[in-house]
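Read through the structure below, which is laid out as structure tokens, and then see the notes.
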Amino acid sequence: MPEYVIVVGAPRSGTNMLRDLLTSAPGFGTWDCDEVNLLWKHGNLDVPHDEIPRERATPALAGYLHRSFDRVARRTRSAVVVEKTCAVSLRVPFTRALFPDARYVFIRRDGIDATASTMQRWNAPFELGYTLRKARYVPPGDFPRHLATLVQKRVVQRLRGEVRGEARDMRVSTWWGPRPHDFRTLQEHHPLEELAFIQWQRCVEQAADGLSGLPDDQLLEVVYEDFVADPQRGSSRLFDFLGHPGAAGHAATDAIVAGSVGKGRSRLGPEAVDRLEALGADTLARFGRG
């Protein structure tokens with residue numbers, strides 16, 4: 001049976017970086033798409049958000065997901081399966097109940113930088129190829145429901161004339177990334193940069209709370225800014241934690257750079273930054289840099 005590693009973090013906080021770094025080493029594998037949130041949603045399509053409660057983690061669902069992970073291990077000939085879906089950060093107790101023996105890596109990044117980066121993704125145009133790659137891992141019985149949701153989302157955007165990437169104070173009708181339980185209410189009351197910030201805030205707070213209590217051999221916390229400042233050191237620490245110290249020498253760290261650190265404030269501007277800092281002062285103090 002393969003080992004399971006679950007990378008937990010808010011969007012645009014380095015989760016892709018860690019997943020790609022790990023799977024660049026021999027013996028580590030993952031899905032050939034960015035995220036598999038629709039796989040995680042199997043059996044819980046009646047939950048309209050990503051905060052799936054722990055009691056929904058049934059033995060049948062655990063068996064289904066374990067078999068899915070194990071297929072990845074066989075297909076990639078890997079001893080370790082790495083999973084990175086940002087929405088997991090909103091449902092860690094549920095995930096822990098399904099994968100009690102997994103190792104968890106929690107990466108956190110400065111909330112202002114993460115917000116500015118998330119807005120770029122929220123504003124990105126629709127990519128059919130990206131969507132189709134993820135669709136390959138949708139449980140067959142769930143496919144009609146997800147297809148209908150996707151079509152409805154695209155129709156709403158067309159009818160409302162939404163052009164992603166325009167005015168920040170625009171109220172958006174669709175949602176990108178992890179969905180808190182009250183995401184519809186948030187859309188009604190916040191402009192885009194505040195939505196992205198609140199999303200980061202909810203993800204890091206709920207991830208940290210949900211991961212608390214795990215023993216040291218199951219949980220590693222990574223600070224994005226520290227990791228990109230010295231990726232070789234960060235890589236060695238990561239693989240040591242996973243019990244594969246020799247793999248660090250084969251991992252690709254050359255592409256990891258610190259160029260984006262601190263750029264969020266200049267990109268957003270002082271007025272927006274002041275509002276975000278007032279909106280989430282406690283969270284920024286708890287999960288700020290360092």
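In the structure tokens, chains take the letters A, B, ... in the order shown, each chain's residues start at 1, and ligands count up from 1 in the order shown.
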Range 86-93 of chain A surroundings by only C-alpha atoms, 12 Å radius, close-in-sequence under 6 positions cut, as number ranges by chain = A: 6-16, 19, 34-41, 49-57, 99-100, 102, 104-108, 118, 176-181, 199-214
inquiry  = Report as a PyMOL selection string all protein, DNA and RNA residues lying within 10 Å of range 62-78 of chain A, evaluated on only C-alpha atoms, omitting residues in the same chain fewer than 5 positions from it.
reply    = chain A and resi 1-4+23+26-32+39-40+42-43+57+83+95+97-99+137+139
Keeping N, CA and C atoms, export the residues of the selection given above as a PDB file, in the first residue's frame.
```pdb
ATOM      1  N   MET A   1       0.842  -1.199   0.000  1.00  0.00           N
ATOM      2  CA  MET A   1       0.000   0.000   0.000  1.00  0.00           C
ATOM      3  C   MET A   1       0.876   1.247   0.000  1.00  0.00           C
ATOM      4  N   PRO A   2       0.561   2.237  -0.832  1.00  0.00           N
ATOM      5  CA  PRO A   2       1.400   3.443  -0.879  1.00  0.00           C
ATOM      6  C   PRO A   2       1.220   4.309   0.353  1.00  0.00           C
ATOM      7  N   GLU A   3       2.174   5.207   0.543  1.00  0.00           N
ATOM      8  CA  GLU A   3       2.039   6.240   1.561  1.00  0.00           C
ATOM      9  C   GLU A   3       1.255   7.407   0.957  1.00  0.00           C
ATOM     10  N   TYR A   4       0.565   8.141   1.813  1.00  0.00           N
ATOM     11  CA  TYR A   4      -0.218   9.282   1.354  1.00  0.00           C
ATOM     12  C   TYR A   4       0.325  10.565   1.980  1.00  0.00           C
ATOM     13  N   THR A  23       6.865  15.557  -6.405  1.00  0.00           N
ATOM     14  CA  THR A  23       6.684  14.583  -7.481  1.00  0.00           C
ATOM     15  C   THR A  23       7.786  14.643  -8.526  1.00  0.00           C
ATOM     16  N   PRO A  26      12.053  10.666  -7.524  1.00  0.00           N
ATOM     17  CA  PRO A  26      11.653   9.292  -7.844  1.00  0.00           C
ATOM     18  C   PRO A  26      10.790   8.698  -6.731  1.00  0.00           C
ATOM     19  N   GLY A  27       9.765   7.969  -7.115  1.00  0.00           N
ATOM     20  CA  GLY A  27       8.929   7.278  -6.146  1.00  0.00           C
ATOM     21  C   GLY A  27       7.754   8.075  -5.646  1.00  0.00           C
ATOM     22  N   PHE A  28       7.614   9.340  -6.103  1.00  0.00           N
ATOM     23  CA  PHE A  28       6.502  10.200  -5.703  1.00  0.00           C
ATOM     24  C   PHE A  28       5.621  10.456  -6.927  1.00  0.00           C
ATOM     25  N   GLY A  29       4.317  10.254  -6.780  1.00  0.00           N
ATOM     26  CA  GLY A  29       3.410  10.450  -7.903  1.00  0.00           C
ATOM     27  C   GLY A  29       2.166  11.212  -7.511  1.00  0.00           C
ATOM     28  N   THR A  30       1.432  11.661  -8.525  1.00  0.00           N
ATOM     29  CA  THR A  30       0.186  12.384  -8.296  1.00  0.00           C
ATOM     30  C   THR A  30      -0.665  12.311  -9.547  1.00  0.00           C
ATOM     31  N   TRP A  31      -1.814  12.972  -9.525  1.00  0.00           N
ATOM     32  CA  TRP A  31      -2.683  13.029 -10.684  1.00  0.00           C
ATOM     33  C   TRP A  31      -2.067  13.922 -11.761  1.00  0.00           C
ATOM     34  N   ASP A  32      -2.449  13.693 -13.026  1.00  0.00           N
ATOM     35  CA  ASP A  32      -1.925  14.519 -14.115  1.00  0.00           C
ATOM     36  C   ASP A  32      -2.853  15.697 -14.397  1.00  0.00           C
ATOM     37  N   LEU A  39     -13.369  14.770  -7.171  1.00  0.00           N
ATOM     38  CA  LEU A  39     -13.223  13.428  -6.613  1.00  0.00           C
ATOM     39  C   LEU A  39     -13.519  13.445  -5.114  1.00  0.00           C
ATOM     40  N   TRP A  40     -12.994  14.441  -4.410  1.00  0.00           N
ATOM     41  CA  TRP A  40     -13.249  14.580  -2.980  1.00  0.00           C
ATOM     42  C   TRP A  40     -14.731  14.797  -2.684  1.00  0.00           C
ATOM     43  N   HIS A  42     -17.232  13.389  -4.032  1.00  0.00           N
ATOM     44  CA  HIS A  42     -18.043  12.201  -4.281  1.00  0.00           C
ATOM     45  C   HIS A  42     -18.812  11.809  -3.010  1.00  0.00           C
ATOM     46  N   GLY A  43     -20.099  11.552  -3.195  1.00  0.00           N
ATOM     47  CA  GLY A  43     -20.936  11.173  -2.065  1.00  0.00           C
ATOM     48  C   GLY A  43     -21.464  12.345  -1.271  1.00  0.00           C
ATOM     49  N   ALA A  57     -17.627  11.576   6.523  1.00  0.00           N
ATOM     50  CA  ALA A  57     -16.497  10.710   6.147  1.00  0.00           C
ATOM     51  C   ALA A  57     -16.836   9.261   6.469  1.00  0.00           C
ATOM     52  N   GLU A  83      -1.207  14.499  -2.759  1.00  0.00           N
ATOM     53  CA  GLU A  83      -2.482  15.125  -3.106  1.00  0.00           C
ATOM     54  C   GLU A  83      -2.457  16.591  -2.720  1.00  0.00           C
ATOM     55  N   THR A  95     -11.146  15.225   6.122  1.00  0.00           N
ATOM     56  CA  THR A  95     -10.031  14.583   5.424  1.00  0.00           C
ATOM     57  C   THR A  95      -9.239  13.685   6.364  1.00  0.00           C
ATOM     58  N   ALA A  97     -10.357  12.122   8.923  1.00  0.00           N
ATOM     59  CA  ALA A  97     -11.145  10.916   9.197  1.00  0.00           C
ATOM     60  C   ALA A  97     -11.029   9.915   8.052  1.00  0.00           C
ATOM     61  N   LEU A  98     -10.887  10.408   6.824  1.00  0.00           N
ATOM     62  CA  LEU A  98     -10.752   9.533   5.667  1.00  0.00           C
ATOM     63  C   LEU A  98      -9.340   8.985   5.525  1.00  0.00           C
ATOM     64  N   PHE A  99      -8.342   9.790   5.906  1.00  0.00           N
ATOM     65  CA  PHE A  99      -6.935   9.412   5.773  1.00  0.00           C
ATOM     66  C   PHE A  99      -6.219   9.644   7.104  1.00  0.00           C
ATOM     67  N   TYR A 137     -11.217  12.610 -13.821  1.00  0.00           N
ATOM     68  CA  TYR A 137     -11.219  11.963 -12.502  1.00  0.00           C
ATOM     69  C   TYR A 137     -12.528  12.200 -11.749  1.00  0.00           C
ATOM     70  N   PRO A 139     -15.983  10.997 -10.637  1.00  0.00           N
ATOM     71  CA  PRO A 139     -16.690   9.713 -10.572  1.00  0.00           C
ATOM     72  C   PRO A 139     -17.811   9.689 -11.608  1.00  0.00           C
TER      73      PRO A 139
END
```
10 Å contact set for Val257 in chain A, only C-alpha atoms, chain neighbours under 6 positions out, as a PyMOL selection string = chain A and resi 225+227-231
With all heavy atoms kept, could you save the residues just selected as an mmCIF file, in the first residue's frame?
```cif
data_model
loop_
_atom_site.group_PDB
_atom_site.id
_atom_site.type_symbol
_atom_site.label_atom_id
_atom_site.label_comp_id
_atom_site.auth_asym_id
_atom_site.auth_seq_id
_atom_site.Cartn_x
_atom_site.Cartn_y
_atom_site.Cartn_z
ATOM 1 N N GLU A 225 7.582 32.002 2.500
ATOM 2 C CA GLU A 225 8.692 32.949 2.335
ATOM 3 C C GLU A 225 10.020 32.332 2.735
ATOM 4 O O GLU A 225 11.056 32.583 2.089
ATOM 5 C CB GLU A 225 8.416 34.218 3.149
ATOM 6 C CG GLU A 225 7.291 35.082 2.602
ATOM 7 C CD GLU A 225 5.899 34.558 2.970
ATOM 8 O OE1 GLU A 225 5.797 33.627 3.809
ATOM 9 O OE2 GLU A 225 4.913 35.070 2.409
ATOM 10 N N PHE A 227 10.687 29.091 2.632
ATOM 11 C CA PHE A 227 11.005 28.024 1.683
ATOM 12 C C PHE A 227 11.629 28.583 0.407
ATOM 13 O O PHE A 227 12.648 28.069 -0.073
ATOM 14 C CB PHE A 227 9.737 27.236 1.345
ATOM 15 C CG PHE A 227 10.005 25.889 0.747
ATOM 16 C CD1 PHE A 227 9.973 24.746 1.537
ATOM 17 C CD2 PHE A 227 10.302 25.738 -0.600
ATOM 18 C CE1 PHE A 227 10.226 23.493 0.998
ATOM 19 C CE2 PHE A 227 10.564 24.502 -1.156
ATOM 20 C CZ PHE A 227 10.523 23.366 -0.354
ATOM 21 N N VAL A 228 11.023 29.627 -0.165
ATOM 22 C CA VAL A 228 11.554 30.150 -1.426
ATOM 23 C C VAL A 228 12.876 30.886 -1.223
ATOM 24 O O VAL A 228 13.649 31.046 -2.167
ATOM 25 C CB VAL A 228 10.525 31.061 -2.123
ATOM 26 C CG1 VAL A 228 9.266 30.277 -2.463
ATOM 27 C CG2 VAL A 228 10.190 32.288 -1.278
ATOM 28 N N ALA A 229 13.150 31.329 0.004
ATOM 29 C CA ALA A 229 14.422 31.991 0.285
ATOM 30 C C ALA A 229 15.577 30.997 0.247
ATOM 31 O O ALA A 229 16.710 31.359 -0.109
ATOM 32 C CB ALA A 229 14.374 32.693 1.633
ATOM 33 N N ASP A 230 15.306 29.741 0.629
ATOM 34 C CA ASP A 230 16.340 28.702 0.635
ATOM 35 C C ASP A 230 15.675 27.374 0.282
ATOM 36 O O ASP A 230 15.431 26.531 1.153
ATOM 37 C CB ASP A 230 17.008 28.626 2.012
ATOM 38 C CG ASP A 230 18.268 27.776 2.011
ATOM 39 O OD1 ASP A 230 18.465 27.011 1.039
ATOM 40 O OD2 ASP A 230 19.039 27.850 2.992
ATOM 41 N N PRO A 231 15.367 27.159 -1.006
ATOM 42 C CA PRO A 231 14.619 25.959 -1.384
ATOM 43 C C PRO A 231 15.352 24.652 -1.129
ATOM 44 O O PRO A 231 14.702 23.631 -0.856
ATOM 45 C CB PRO A 231 14.345 26.172 -2.876
ATOM 46 C CG PRO A 231 15.303 27.212 -3.322
ATOM 47 C CD PRO A 231 15.587 28.064 -2.138
#
```
request  = Could you give me, as number ranges by chain, each residue of range 175-231 of chain A that DSSP assigns to alpha helix (DSSP H) when run on this structure's backbone?
outcome  = A: 183-189, 192-211, 224-229, 231
key: Between CA of Leu268 in chain A and CA of Trp175 in chain A, distance in Å (one decimal)   =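 That distance, rounded to one decimal, is 20.0 Å.
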query = From the set A:Phe94, A:Thr115, A:Leu279, A:Gly249, which residue has the shortest atom-to-atom contact distance to Leu61 in chain A, counting only C-alpha atoms?
reply =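 Answer, going by the shortest atom-to-atom distance: A:Phe94.
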request  = Just give me the gap between CA of Ala248 in chain A and CA of Ser235 in chain A in Å, one decimal is fine.
outcome  =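 Going from CA of Ala248 in chain A over to CA of Ser235 in chain A covers 5.9 Å.
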ask   = So which one's closest to Leu22 in chain A, A:Glu277, A:Glu221, A:Asp240, A:Asp282? Using only C-alpha atoms, please.
value =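 Ranked by minimum distance to Leu22 in chain A, first place goes to A:Asp240.
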request  = Compare A:Asp46, A:Glu194, A:Asp254, A:Asp20 by their minimum atom-to-atom distance to Gly280 in chain A, counting only C-alpha atoms, and give me the closest one.
outcome  =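 Residue with the minimum atom-to-atom distance to Gly280 in chain A: A:Glu194.
Interatomic distance, CA of Glu188 in chain A to CA of Thr283 in chain A: 22.4 Å.
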